[in-house]
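Below is the file target24.cif, which contains mmCIF, C-alpha atoms.
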data_start
loop_
_atom_site.label_atom_id
_atom_site.label_comp_id
_atom_site.auth_asym_id
_atom_site.auth_seq_id
_atom_site.Cartn_x
_atom_site.Cartn_y
_atom_site.Cartn_z
CA MET G 1209 118.96 127.74 74.30
CA GLU G 1210 115.82 125.64 74.84
CA ASP G 1211 117.81 122.43 74.92
CA GLU G 1212 120.39 123.92 77.23
CA ILE G 1213 117.76 124.91 79.76
CA ARG G 1214 116.09 121.54 79.45
CA THR G 1215 119.33 119.65 79.94
CA LEU G 1216 120.37 121.86 82.81
CA LEU G 1217 117.04 121.55 84.60
CA HIS G 1218 117.05 117.79 84.10
CA GLU G 1219 120.52 117.56 85.57
CA ALA G 1220 119.64 119.89 88.40
CA ALA G 1221 116.30 118.25 89.18
CA PRO G 1222 116.15 117.76 92.96
CA GLN G 1223 115.74 114.24 94.26
CA PRO G 1224 112.93 113.81 96.78
CA SER G 1225 113.99 111.90 99.85
CA ASP G 1226 112.81 108.46 101.02
CA PRO G 1227 109.62 107.58 99.10
CA ALA G 1228 108.78 104.86 101.65
CA ALA G 1229 108.55 107.35 104.53
CA PHE G 1230 106.48 109.64 102.35
CA ARG G 1231 104.08 106.81 101.49
CA LEU G 1232 103.86 105.81 105.12
CA GLU G 1233 102.84 109.30 106.19
CA LEU G 1234 100.44 109.57 103.26
CA ASN G 1235 98.76 106.32 104.27
CA ALA G 1236 98.42 107.61 107.84
CA ARG G 1237 96.77 110.79 106.57
CA LEU G 1238 94.45 108.86 104.28
CA ALA G 1239 93.47 106.62 107.19
CA ALA G 1240 92.69 109.73 109.22
CA VAL G 1241 90.56 111.04 106.34
CA GLU G 1242 88.71 107.72 106.24
CA GLN G 1243 88.02 107.99 109.98
CA ILE G 1244 86.69 111.52 109.57
CA LYS G 1245 84.53 110.44 106.65
CA ALA G 1246 83.10 107.53 108.66
CA PHE G 1247 82.40 109.85 111.59
CA ARG G 1248 80.75 112.39 109.28
CA ASP G 1249 78.57 109.72 107.68
CA ARG G 1250 77.55 108.45 111.12
CA GLU G 1251 76.70 111.97 112.28
CA TYR G 1252 74.82 112.66 109.08
CA ARG G 1253 72.73 109.50 109.46
CA ARG G 1254 72.07 110.34 113.11
CA SER G 1255 70.97 113.87 112.36
CA ARG G 1256 68.72 112.62 109.53
CA ARG G 1257 67.13 110.13 111.92
CA THR G 1258 66.63 112.82 114.56
CA MET G 1259 65.04 115.11 112.00
CA ARG G 1260 62.69 112.35 110.88
CA ILE G 1261 61.72 111.68 114.50
CA VAL G 1262 61.13 115.39 115.13
CA PHE G 1263 59.07 115.61 111.97
CA ALA G 1264 56.98 112.58 112.89
CA ALA G 1265 56.57 113.82 116.47
CA GLY G 1266 55.50 117.22 115.17
CA ILE G 1267 52.85 115.67 112.95
CA LEU G 1268 51.67 113.38 115.76
CA VAL G 1269 51.45 116.17 118.32
CA GLY G 1270 49.78 118.38 115.72
CA MET G 1271 47.19 115.69 115.00
CA VAL G 1272 46.56 115.11 118.71
CA LEU G 1273 46.17 118.84 119.25
CA ALA G 1274 43.84 119.12 116.28
CA VAL G 1275 41.69 116.28 117.61
CA LEU G 1276 41.63 117.82 121.10
CA LEU G 1277 40.75 121.22 119.70
CA ILE G 1278 37.92 119.67 117.68
CA LEU G 1279 36.64 117.85 120.74
CA HIS G 1280 37.00 120.91 122.97
CA PRO G 1281 36.41 123.92 120.73
CA LEU G 1282 37.68 127.26 122.04
CA ASP G 1283 35.79 130.46 121.72
CA LEU G 1284 38.82 132.59 120.84
CA PRO G 1285 38.35 136.00 119.23
CA THR G 1286 39.72 136.50 115.74
CA LEU G 1287 43.43 137.13 115.37
CA THR G 1288 43.04 140.80 114.53
CA GLU G 1289 41.11 141.49 117.68
CA ILE G 1290 43.22 139.35 119.95
CA SER G 1291 44.70 140.76 123.14
CA LEU G 1292 46.06 139.35 126.38
CA SER G 1293 42.90 140.10 128.32
CA ASP G 1294 40.81 138.43 125.61
CA ILE G 1295 42.95 135.32 125.83
CA LEU G 1296 42.73 135.29 129.60
CA LYS G 1297 39.01 135.77 129.37
CA ALA G 1298 38.66 133.01 126.81
CA THR G 1299 40.84 130.58 128.72
CA GLY G 1300 39.77 131.55 132.22
CA GLY G 1301 39.34 128.49 134.38
CA LYS G 1302 40.01 126.08 131.59
CA ARG G 1303 43.04 124.06 132.53
CA LEU G 1304 42.98 121.96 129.39
CA THR G 1305 43.21 125.07 127.24
CA TYR G 1306 46.40 126.15 129.02
CA VAL G 1307 47.89 122.73 128.47
CA LEU G 1308 46.94 122.79 124.79
CA MET G 1309 48.40 126.25 124.33
CA PHE G 1310 51.61 125.19 126.05
CA LEU G 1311 51.89 122.09 123.88
CA GLY G 1312 51.21 124.16 120.76
CA ALA G 1313 53.93 126.65 121.69
CA LEU G 1314 56.34 123.81 122.50
CA THR G 1315 55.67 122.11 119.18
CA THR G 1316 56.21 125.35 117.28
CA ALA G 1317 59.43 126.01 119.15
CA CYS G 1318 60.65 122.48 118.46
CA ALA G 1319 59.71 122.74 114.81
CA ILE G 1320 61.75 125.94 114.47
CA VAL G 1321 64.69 125.37 116.79
CA LEU G 1322 65.56 121.71 116.22
CA PRO G 1323 66.02 121.74 112.43
CA LEU G 1324 67.94 125.01 112.74
CA SER G 1325 70.32 123.69 115.37
CA LEU G 1326 70.74 120.41 113.52
CA SER G 1327 71.54 122.10 110.24
CA ARG G 1328 73.97 124.46 111.96
CA HIS G 1329 75.68 121.53 113.65
CA HIS G 1330 75.78 119.74 110.33
CA SER G 1331 77.23 122.59 108.33
CA ARG G 1332 79.85 123.19 111.03
CA PHE G 1333 80.78 119.56 110.85
CA LEU G 1334 81.02 119.53 107.06
CA ASN G 1335 83.44 122.42 107.20
CA LEU G 1336 85.95 120.32 109.13
CA MET Q 40 98.05 106.24 89.34
CA VAL Q 41 99.08 108.13 92.47
CA SER Q 42 102.28 106.10 92.80
CA ALA Q 43 103.27 106.94 89.25
CA GLU Q 44 102.80 110.65 89.84
CA GLN Q 45 104.28 110.72 93.32
CA GLU Q 46 107.91 111.28 92.42
CA PRO Q 47 107.41 113.87 89.65
CA LEU Q 48 105.01 115.75 91.93
CA ARG Q 49 107.41 115.82 94.86
CA ARG Q 50 110.27 116.82 92.58
CA PHE Q 51 108.26 119.66 91.06
CA LEU Q 52 107.14 120.95 94.45
CA LEU Q 53 110.64 120.67 95.85
CA ALA Q 54 112.05 122.70 92.97
CA LEU Q 55 109.14 125.14 93.28
CA CYS Q 56 109.24 125.91 96.98
CA GLY Q 57 112.78 124.90 97.85
CA ASP Q 58 112.08 123.39 101.25
CA PRO Q 59 112.00 119.55 101.25
CA ALA Q 60 109.75 119.27 104.32
CA GLU Q 61 107.35 121.90 103.04
CA ALA Q 62 107.32 120.36 99.56
CA ASP Q 63 106.45 116.95 100.98
CA ASP Q 64 103.77 118.48 103.17
CA ILE Q 65 102.19 120.18 100.15
CA ALA Q 66 102.42 116.93 98.18
CA GLN Q 67 100.68 115.08 101.03
CA ASP Q 68 97.97 117.73 101.21
CA ALA Q 69 97.48 117.55 97.47
CA MET Q 70 97.14 113.78 97.49
CA VAL Q 71 94.71 113.83 100.40
CA ASN Q 72 92.68 116.56 98.64
CA ALA Q 73 92.71 114.51 95.45
CA TYR Q 74 91.55 111.46 97.39
CA VAL Q 75 88.71 113.39 99.01
CA ALA Q 76 87.68 115.00 95.71
CA SER Q 77 88.27 111.90 93.57
CA GLY Q 78 84.54 111.76 92.88
CA SER Q 79 84.74 115.08 91.06
CA PHE Q 80 87.50 113.92 88.68
CA ARG Q 81 85.69 113.77 85.36
CA GLY Q 82 88.57 112.52 83.26
CA GLU Q 83 88.63 115.65 81.09
CA SER Q 84 92.37 115.83 81.62
CA ARG Q 85 95.03 113.31 82.59
CA PHE Q 86 95.00 112.27 86.22
CA GLY Q 87 98.53 113.63 86.59
CA THR Q 88 97.47 117.05 85.29
CA TRP Q 89 94.59 117.12 87.74
CA LEU Q 90 96.85 116.13 90.63
CA PHE Q 91 99.50 118.69 89.70
CA ARG Q 92 96.84 121.36 89.52
CA ILE Q 93 95.60 120.50 93.01
CA ALA Q 94 99.19 120.54 94.25
CA TYR Q 95 99.89 123.89 92.63
CA ASN Q 96 96.75 125.33 94.24
CA CYS Q 97 97.91 123.97 97.61
CA PHE Q 98 101.26 125.68 97.06
CA ILE Q 99 99.53 128.97 96.20
CA ASP Q 100 97.28 128.67 99.26
CA ARG Q 101 100.30 128.16 101.49
CA GLN Q 102 102.09 131.09 99.98
CA ARG Q 103 99.06 133.26 100.54
CA SER Q 104 98.81 132.25 104.16
CA HIS Q 105 102.56 132.95 104.53
CA ARG Q 106 103.15 129.46 105.72
CA LEU Q 107 106.11 128.86 103.49
CA ALA Q 108 109.44 128.98 105.22
CA THR Q 109 111.29 132.20 104.65
CA GLY Q 110 114.76 130.89 105.45
CA PRO Q 111 117.83 132.04 103.60
CA LEU Q 112 117.94 130.94 99.98
CA ASP Q 113 121.42 129.51 100.46
CA GLU Q 114 120.06 126.94 102.92
CA ARG Q 115 117.32 125.93 100.55
CA ALA Q 116 119.66 125.61 97.60
CA GLU Q 117 121.90 123.48 99.77
CA ALA Q 118 118.97 121.24 100.65
CA LEU Q 119 118.18 120.81 96.98
CA SER Q 120 121.57 119.49 96.05
CA ALA Q 121 122.46 117.83 99.30
CA GLY Q 122 123.32 114.55 97.60
CA ASP Q 123 126.17 115.88 95.57
CA ARG Q 124 128.94 118.10 96.80
CA ALA Q 125 130.86 118.30 93.52
CA ASP Q 126 131.23 121.35 91.29
CA ALA Q 127 128.03 120.44 89.54
CA ALA Q 128 126.12 120.69 92.81
CA PHE Q 129 127.61 124.10 93.40
CA ARG Q 130 126.44 125.16 89.96
CA PHE Q 131 122.98 123.73 90.61
CA GLU Q 132 122.76 125.76 93.79
CA ASP Q 133 123.25 128.85 91.67
CA LEU Q 134 120.64 127.64 89.22
CA HIS Q 135 118.07 126.94 91.92
CA ARG Q 136 118.79 130.31 93.44
CA ALA Q 137 118.20 131.90 90.06
CA ILE Q 138 114.96 129.95 89.60
CA ARG Q 139 113.78 130.87 93.07
CA GLN Q 140 114.09 134.53 92.14
CA LEU Q 141 111.71 134.18 89.21
CA PRO Q 142 108.06 135.18 89.62
CA GLU Q 143 105.93 132.31 90.85
CA LYS Q 144 104.00 131.51 87.62
CA GLU Q 145 107.11 131.89 85.50
CA ARG Q 146 109.00 129.53 87.78
CA ALA Q 147 106.21 126.96 87.76
CA ALA Q 148 105.87 127.15 83.97
CA LEU Q 149 109.62 126.67 83.47
CA LEU Q 150 109.81 123.74 85.87
CA LEU Q 151 106.78 121.99 84.40
CA PHE Q 152 107.81 122.53 80.80
CA TYR Q 153 111.56 121.91 80.99
CA MET Q 154 112.08 119.80 84.08
CA GLU Q 155 108.90 117.70 84.00
CA ASP Q 156 108.58 117.72 80.18
CA ARG Q 157 104.91 118.61 80.28
CA PRO Q 158 103.44 120.02 77.05
CA VAL Q 159 102.31 123.67 77.00
CA LYS Q 160 98.65 122.64 76.99
CA GLU Q 161 99.11 120.63 80.14
CA VAL Q 162 101.12 123.38 81.83
CA ALA Q 163 98.27 125.76 80.99
CA ALA Q 164 95.76 123.37 82.56
CA ILE Q 165 97.86 122.98 85.71
CA LEU Q 166 98.44 126.69 86.19
CA ASP Q 167 94.90 127.52 85.06
CA ILE Q 168 96.03 130.07 82.49
CA PRO Q 169 95.75 130.22 78.68
CA ALA Q 170 98.40 128.45 76.60
CA GLY Q 171 99.49 131.81 75.18
CA SER Q 172 100.30 133.04 78.68
CA VAL Q 173 102.36 129.91 79.31
CA ARG Q 174 104.40 130.62 76.17
CA ALA Q 175 104.90 134.20 77.33
CA TYR Q 176 106.03 133.01 80.76
CA LEU Q 177 108.44 130.56 79.15
CA THR Q 178 109.92 133.26 76.91
CA ARG Q 179 110.35 135.58 79.88
CA GLY Q 180 111.75 132.76 81.99
CA ARG Q 181 114.31 131.91 79.31
CA GLN Q 182 115.36 135.53 79.17
CA HIS Q 183 115.72 135.66 82.92
CA LEU Q 184 117.79 132.49 82.98
CA LYS Q 185 119.93 133.69 80.08
CA SER Q 186 122.09 135.75 82.40
CA PHE Q 187 122.64 132.62 84.46
CA LEU Q 188 123.40 130.42 81.45
CA GLU Q 189 125.99 132.74 79.87
CA PRO Q 190 128.67 132.29 82.55
CA TRP Q 191 127.75 128.62 82.85
CA LYS Q 192 128.44 128.05 79.15
CA THR Q 193 131.87 129.56 79.44
CA LYS Q 194 132.83 127.19 82.31
#
Starting from the coordinates I provided, produce the structure as C-alpha coordinates.
Amino acid sequence: MEDEIRTLLHEAAPQPSDPAAFRLELNARLAAVEQIKAFRDREYRRSRRTMRIVFAAGILVGMVLAVLLILHPLDLPTLTEISLSDILKATGGKRLTYVLMFLGALTTACAIVLPLSLSRHHSRFLNL
Amino acid sequence: MVSAEQEPLRRFLLALCGDPAEADDIAQDAMVNAYVASGSFRGESRFGTWLFRIAYNCFIDRQRSHRLATGPLDERAEALSAGDRADAAFRFEDLHRAIRQLPEKERAALLLFYMEDRPVKEVAAILDIPAGSVRAYLTRGRQHLKSFLEPWKTK
(Lines of atoms letter the chains of each structure in order from A and count residues from 1; the text may use other names and numbers.)
(Lines give C-alpha, C1' and ligand atoms only; values in the text may rest on other atoms or scores of the structure.)
Protein backbone atom coordinates (compact mmCIF):
# COMPACT_ATOMS: atom_id res chain seq x y z
CA MET A 1 0.00 0.00 0.00
CA GLU A 2 2.78 2.40 1.03
CA ASP A 3 4.79 1.64 -2.07
CA GLU A 4 1.75 1.95 -4.28
CA ILE A 5 1.00 5.42 -2.98
CA ARG A 6 4.62 6.41 -3.27
CA THR A 7 4.89 5.16 -6.84
CA LEU A 8 1.61 6.74 -7.80
CA LEU A 9 2.49 10.12 -6.30
CA HIS A 10 5.89 10.03 -7.95
CA GLU A 11 4.31 9.32 -11.30
CA ALA A 12 1.64 11.93 -10.76
CA ALA A 13 4.01 14.60 -9.46
CA PRO A 14 3.19 17.84 -11.29
CA GLN A 15 5.92 19.45 -13.33
CA PRO A 16 6.46 23.15 -12.58
CA SER A 17 6.65 25.25 -15.71
CA ASP A 18 9.65 27.19 -17.07
CA PRO A 19 12.25 27.48 -14.27
CA ALA A 20 14.02 30.29 -16.15
CA ALA A 21 10.96 32.56 -16.04
CA PHE A 22 10.50 31.73 -12.38
CA ARG A 23 14.12 32.61 -11.63
CA LEU A 24 13.81 35.83 -13.60
CA GLU A 25 10.80 36.96 -11.59
CA LEU A 26 12.47 35.87 -8.35
CA ASN A 27 15.54 37.94 -9.18
CA ALA A 28 13.33 40.95 -9.89
CA ARG A 29 11.63 40.53 -6.52
CA LEU A 30 14.94 40.12 -4.73
CA ALA A 31 16.23 43.28 -6.42
CA ALA A 32 13.13 45.11 -5.21
CA VAL A 33 13.78 43.81 -1.69
CA GLU A 34 17.36 45.06 -1.92
CA GLN A 35 16.09 48.50 -2.95
CA ILE A 36 13.68 48.59 -0.03
CA LYS A 37 16.42 47.50 2.35
CA ALA A 38 18.75 50.21 1.06
CA PHE A 39 16.00 52.81 1.41
CA ARG A 40 15.22 51.60 4.93
CA ASP A 41 18.88 51.75 5.95
CA ARG A 42 19.16 55.27 4.52
CA GLU A 43 16.03 56.39 6.38
CA TYR A 44 17.24 54.74 9.56
CA ARG A 45 20.60 56.51 9.36
CA ARG A 46 18.86 59.81 8.63
CA SER A 47 16.48 59.49 11.54
CA ARG A 48 19.36 58.54 13.86
CA ARG A 49 21.27 61.62 12.72
CA THR A 50 18.23 63.83 13.25
CA MET A 51 17.72 62.40 16.71
CA ARG A 52 21.35 63.06 17.59
CA ILE A 53 21.04 66.63 16.34
CA VAL A 54 17.84 67.15 18.34
CA PHE A 55 19.50 65.68 21.40
CA ALA A 56 22.57 67.89 21.03
CA ALA A 57 20.41 70.95 20.33
CA GLY A 58 18.32 70.18 23.41
CA ILE A 59 21.41 69.98 25.60
CA LEU A 60 22.84 73.16 24.07
CA VAL A 61 19.63 75.13 24.47
CA GLY A 62 19.24 73.73 27.98
CA MET A 63 22.77 74.83 28.88
CA VAL A 64 22.21 78.29 27.39
CA LEU A 65 18.95 78.61 29.29
CA ALA A 66 20.59 77.46 32.50
CA VAL A 67 23.38 80.01 32.08
CA LEU A 68 20.86 82.78 31.32
CA LEU A 69 18.75 81.81 34.29
CA ILE A 70 21.82 81.88 36.53
CA LEU A 71 22.80 85.27 35.19
CA HIS A 72 19.26 86.63 35.44
CA PRO A 73 17.65 84.84 38.39
CA LEU A 74 13.85 84.91 38.52
CA ASP A 75 11.90 85.42 41.66
CA LEU A 76 9.25 82.80 40.87
CA PRO A 77 7.04 81.43 43.63
CA THR A 78 7.31 77.74 44.44
CA LEU A 79 5.53 75.30 42.17
CA THR A 80 2.80 74.50 44.67
CA GLU A 81 1.82 78.11 45.02
CA ILE A 82 2.10 78.98 41.37
CA SER A 83 -0.77 80.65 39.54
CA LEU A 84 -1.17 82.68 36.37
CA SER A 85 -1.33 85.99 38.21
CA ASP A 86 1.83 85.08 40.16
CA ILE A 87 3.64 84.34 36.92
CA LEU A 88 2.45 87.57 35.37
CA LYS A 89 3.48 89.42 38.47
CA ALA A 90 6.88 87.77 38.51
CA THR A 91 7.51 88.34 34.83
CA GLY A 92 5.86 91.72 34.52
CA GLY A 93 7.90 94.02 32.35
CA LYS A 94 10.71 91.57 31.91
CA ARG A 95 11.00 90.83 28.24
CA LEU A 96 13.92 88.46 28.65
CA THR A 97 11.90 86.28 30.99
CA TYR A 98 9.18 85.86 28.36
CA VAL A 99 11.77 84.88 25.80
CA LEU A 100 13.34 82.38 28.19
CA MET A 101 9.97 80.87 29.04
CA PHE A 102 9.11 80.59 25.36
CA LEU A 103 12.43 78.92 24.59
CA GLY A 104 11.98 76.55 27.52
CA ALA A 105 8.51 75.56 26.33
CA LEU A 106 9.79 75.13 22.77
CA THR A 107 12.65 72.93 23.91
CA THR A 108 10.32 70.77 25.97
CA ALA A 109 7.91 70.45 23.08
CA CYS A 110 10.75 69.52 20.73
CA ALA A 111 12.13 67.01 23.20
CA ILE A 112 8.74 65.30 23.42
CA VAL A 113 7.34 65.61 19.92
CA LEU A 114 10.37 64.99 17.71
CA PRO A 115 11.49 61.61 19.09
CA LEU A 116 7.86 60.49 19.16
CA SER A 117 7.21 61.44 15.56
CA LEU A 118 10.52 59.98 14.44
CA SER A 119 9.91 56.68 16.17
CA ARG A 120 6.38 56.52 14.76
CA HIS A 121 7.69 57.22 11.28
CA HIS A 122 10.35 54.59 11.81
CA SER A 123 8.04 51.87 13.05
CA ARG A 124 5.62 52.57 10.20
CA PHE A 125 8.48 52.23 7.77
CA LEU A 126 9.72 48.98 9.29
CA ASN A 127 6.29 47.48 8.87
CA LEU A 128 6.51 47.84 5.09
CA MET B 1 21.05 26.05 -1.97
CA VAL B 2 17.96 27.88 -3.20
CA SER B 3 18.41 26.54 -6.73
CA ALA B 4 18.56 22.99 -5.45
CA GLU B 5 15.32 23.41 -3.52
CA GLN B 6 13.51 25.42 -6.15
CA GLU B 7 11.99 22.60 -8.16
CA PRO B 8 10.91 20.37 -5.25
CA LEU B 9 9.38 23.42 -3.56
CA ARG B 10 7.43 24.48 -6.63
CA ARG B 11 6.30 20.91 -7.23
CA PHE B 12 5.11 20.53 -3.64
CA LEU B 13 3.24 23.83 -3.69
CA LEU B 14 1.70 23.04 -7.05
CA ALA B 15 0.43 19.70 -5.79
CA LEU B 16 -0.71 21.36 -2.56
CA CYS B 17 -2.69 24.28 -3.92
CA GLY B 18 -3.43 23.11 -7.44
CA ASP B 19 -3.04 26.43 -9.20
CA PRO B 20 0.30 26.83 -11.05
CA ALA B 21 0.31 30.64 -10.91
CA GLU B 22 -0.64 30.69 -7.24
CA ALA B 23 1.91 27.99 -6.41
CA ASP B 24 4.68 29.95 -8.11
CA ASP B 25 3.59 33.12 -6.35
CA ILE B 26 3.75 31.37 -2.97
CA ALA B 27 7.16 29.91 -3.87
CA GLN B 28 8.40 33.40 -4.79
CA ASP B 29 7.05 34.83 -1.54
CA ALA B 30 8.69 32.04 0.42
CA MET B 31 12.05 32.59 -1.21
CA VAL B 32 11.90 36.34 -0.70
CA ASN B 33 10.91 35.78 2.95
CA ALA B 34 13.77 33.32 3.35
CA TYR B 35 16.16 35.85 1.82
CA VAL B 36 14.98 38.60 4.16
CA ALA B 37 15.11 36.31 7.20
CA SER B 38 18.31 34.50 6.19
CA GLY B 39 20.04 36.04 9.20
CA SER B 40 17.74 34.13 11.52
CA PHE B 41 18.54 30.73 9.97
CA ARG B 42 20.49 29.02 12.73
CA GLY B 43 21.23 25.79 10.91
CA GLU B 44 19.26 23.69 13.41
CA SER B 45 17.54 22.01 10.49
CA ARG B 46 18.40 21.55 6.83
CA PHE B 47 18.05 24.65 4.70
CA GLY B 48 15.45 22.85 2.59
CA THR B 49 13.34 22.06 5.66
CA TRP B 50 13.49 25.69 6.73
CA LEU B 51 12.52 26.89 3.26
CA PHE B 52 9.65 24.40 2.98
CA ARG B 53 8.39 25.51 6.36
CA ILE B 54 8.38 29.15 5.29
CA ALA B 55 6.59 28.16 2.09
CA TYR B 56 4.00 26.13 3.96
CA ASN B 57 3.37 29.08 6.28
CA CYS B 58 2.94 31.33 3.23
CA PHE B 59 0.43 28.84 1.85
CA ILE B 60 -1.48 28.80 5.15
CA ASP B 61 -1.46 32.61 5.29
CA ARG B 62 -2.90 32.80 1.79
CA GLN B 63 -5.56 30.29 2.61
CA ARG B 64 -6.51 32.25 5.68
CA SER B 65 -6.80 35.46 3.74
CA HIS B 66 -8.91 33.60 1.14
CA ARG B 67 -6.53 34.57 -1.57
CA LEU B 68 -6.33 31.13 -3.07
CA ALA B 69 -8.26 30.67 -6.25
CA THR B 70 -11.53 28.87 -5.76
CA GLY B 71 -11.96 27.71 -9.34
CA PRO B 72 -13.44 24.35 -10.21
CA LEU B 73 -11.28 21.41 -9.22
CA ASP B 74 -11.50 19.99 -12.73
CA GLU B 75 -9.63 23.01 -14.10
CA ARG B 76 -6.92 22.68 -11.51
CA ALA B 77 -6.49 18.98 -12.07
CA GLU B 78 -6.23 19.70 -15.77
CA ALA B 79 -3.52 22.27 -15.11
CA LEU B 80 -1.59 19.73 -13.08
CA SER B 81 -1.38 17.18 -15.84
CA ALA B 82 -1.40 19.51 -18.79
CA GLY B 83 1.70 17.93 -20.29
CA ASP B 84 0.21 14.53 -20.83
CA ARG B 85 -3.15 13.80 -22.33
CA ALA B 86 -2.90 10.00 -22.18
CA ASP B 87 -4.90 7.68 -19.93
CA ALA B 88 -2.32 8.12 -17.22
CA ALA B 89 -2.97 11.86 -17.15
CA PHE B 90 -6.66 11.20 -16.83
CA ARG B 91 -5.95 8.93 -13.88
CA PHE B 92 -3.67 11.53 -12.32
CA GLU B 93 -6.44 14.09 -12.58
CA ASP B 94 -8.55 11.79 -10.45
CA LEU B 95 -5.70 11.35 -8.01
CA HIS B 96 -5.08 15.07 -7.67
CA ARG B 97 -8.78 15.62 -7.22
CA ALA B 98 -8.76 13.02 -4.46
CA ILE B 99 -5.73 14.63 -2.83
CA ARG B 100 -7.29 18.07 -3.06
CA GLN B 101 -10.24 16.80 -1.05
CA LEU B 102 -8.05 15.76 1.87
CA PRO B 103 -7.70 18.04 4.88
CA GLU B 104 -4.87 20.51 4.48
CA LYS B 105 -2.34 19.01 6.97
CA GLU B 106 -3.08 15.49 5.81
CA ARG B 107 -2.53 16.52 2.20
CA ALA B 108 0.71 18.30 3.01
CA ALA B 109 1.99 15.35 5.05
CA LEU B 110 1.20 12.88 2.26
CA LEU B 111 2.82 15.01 -0.41
CA LEU B 112 5.95 15.66 1.62
CA PHE B 113 6.36 12.07 2.74
CA TYR B 114 5.44 10.18 -0.43
CA MET B 115 6.00 12.63 -3.26
CA GLU B 116 9.01 14.53 -1.91
CA ASP B 117 10.43 11.57 0.06
CA ARG B 118 10.99 13.63 3.18
CA PRO B 119 11.43 11.66 6.42
CA VAL B 120 8.72 11.92 9.10
CA LYS B 121 10.96 14.06 11.31
CA GLU B 122 11.43 16.58 8.55
CA VAL B 123 7.73 16.60 7.66
CA ALA B 124 7.02 17.28 11.33
CA ALA B 125 9.47 20.20 11.30
CA ILE B 126 7.94 21.65 8.13
CA LEU B 127 4.36 21.38 9.33
CA ASP B 128 5.34 22.37 12.88
CA ILE B 129 3.60 19.39 14.47
CA PRO B 130 4.91 16.40 16.47
CA ALA B 131 6.17 13.36 14.56
CA GLY B 132 3.36 11.28 16.06
CA SER B 133 0.79 13.59 14.50
CA VAL B 134 2.51 13.23 11.13
CA ARG B 135 2.24 9.44 11.38
CA ALA B 136 -1.43 9.79 12.27
CA TYR B 137 -2.01 12.09 9.29
CA LEU B 138 -0.23 9.63 7.02
CA THR B 139 -2.33 6.71 8.27
CA ARG B 140 -5.52 8.70 7.77
CA GLY B 141 -4.34 9.92 4.38
CA ARG B 142 -3.62 6.35 3.26
CA GLN B 143 -7.08 5.32 4.35
CA HIS B 144 -8.62 8.19 2.46
CA LEU B 145 -6.67 7.36 -0.68
CA LYS B 146 -7.49 3.67 -0.37
CA SER B 147 -10.86 4.18 -1.98
CA PHE B 148 -9.08 5.85 -4.87
CA LEU B 149 -6.42 3.15 -5.17
CA GLU B 150 -8.83 0.19 -5.23
CA PRO B 151 -10.36 0.93 -8.65
CA TRP B 152 -6.96 2.03 -9.93
CA LYS B 153 -5.44 -1.35 -9.06
CA THR B 154 -8.11 -3.17 -10.99
CA LYS B 155 -7.41 -1.14 -14.16
- Item | chain G residues near chain Q (9 Å cut-off, all atoms listed in the file) as an MDAnalysis selection string | chainID G and resid 1209:1225 1227 1230:1231 1233:1234 1237:1238 1241
- Could you expand the PyMOL selection byres ((chain G and resi 1269) around 12) into the explicit residues it covers here, written as number ranges by chain? G: 1261-1268, 1270-1277, 1308, 1310-1316, 1318-1319
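Here atom CA of Ala164 of chain Q stands at a distance of 10.6 Å from atom CA of Glu83 of chain Q.
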- Message: Report as a list in words all protein, DNA and RNA residues lying within 8 Å of Ala69 of chain Q, evaluated on only C-alpha atoms, omitting residues in the same chain fewer than 4 positions from it.
- Response: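 Final neighbour list, sorted by chain and number: Ile65, Ala73, Leu90, Ile93, Ala94 and Cys97 of chain Q.
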- What does the distance between atom CA of Arg139 of chain Q and atom CA of Arg103 of chain Q come to in Å, to one decimal place?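 Result for atom CA of Arg139 of chain Q versus atom CA of Arg103 of chain Q: 16.7 Å, one decimal.
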- Item | Point-to-point distance from atom CA of Ala148 of chain Q to atom CA of Arg174 of chain Q, Å rounded to tenths | 8.7 Å
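You can rank Q:Lys144, Q:Cys56, Q:Ala76, Q:Leu151 by their closest distance to Ile168 of chain Q using all atoms listed in the file, and at the top of that list sits Q:Lys144.
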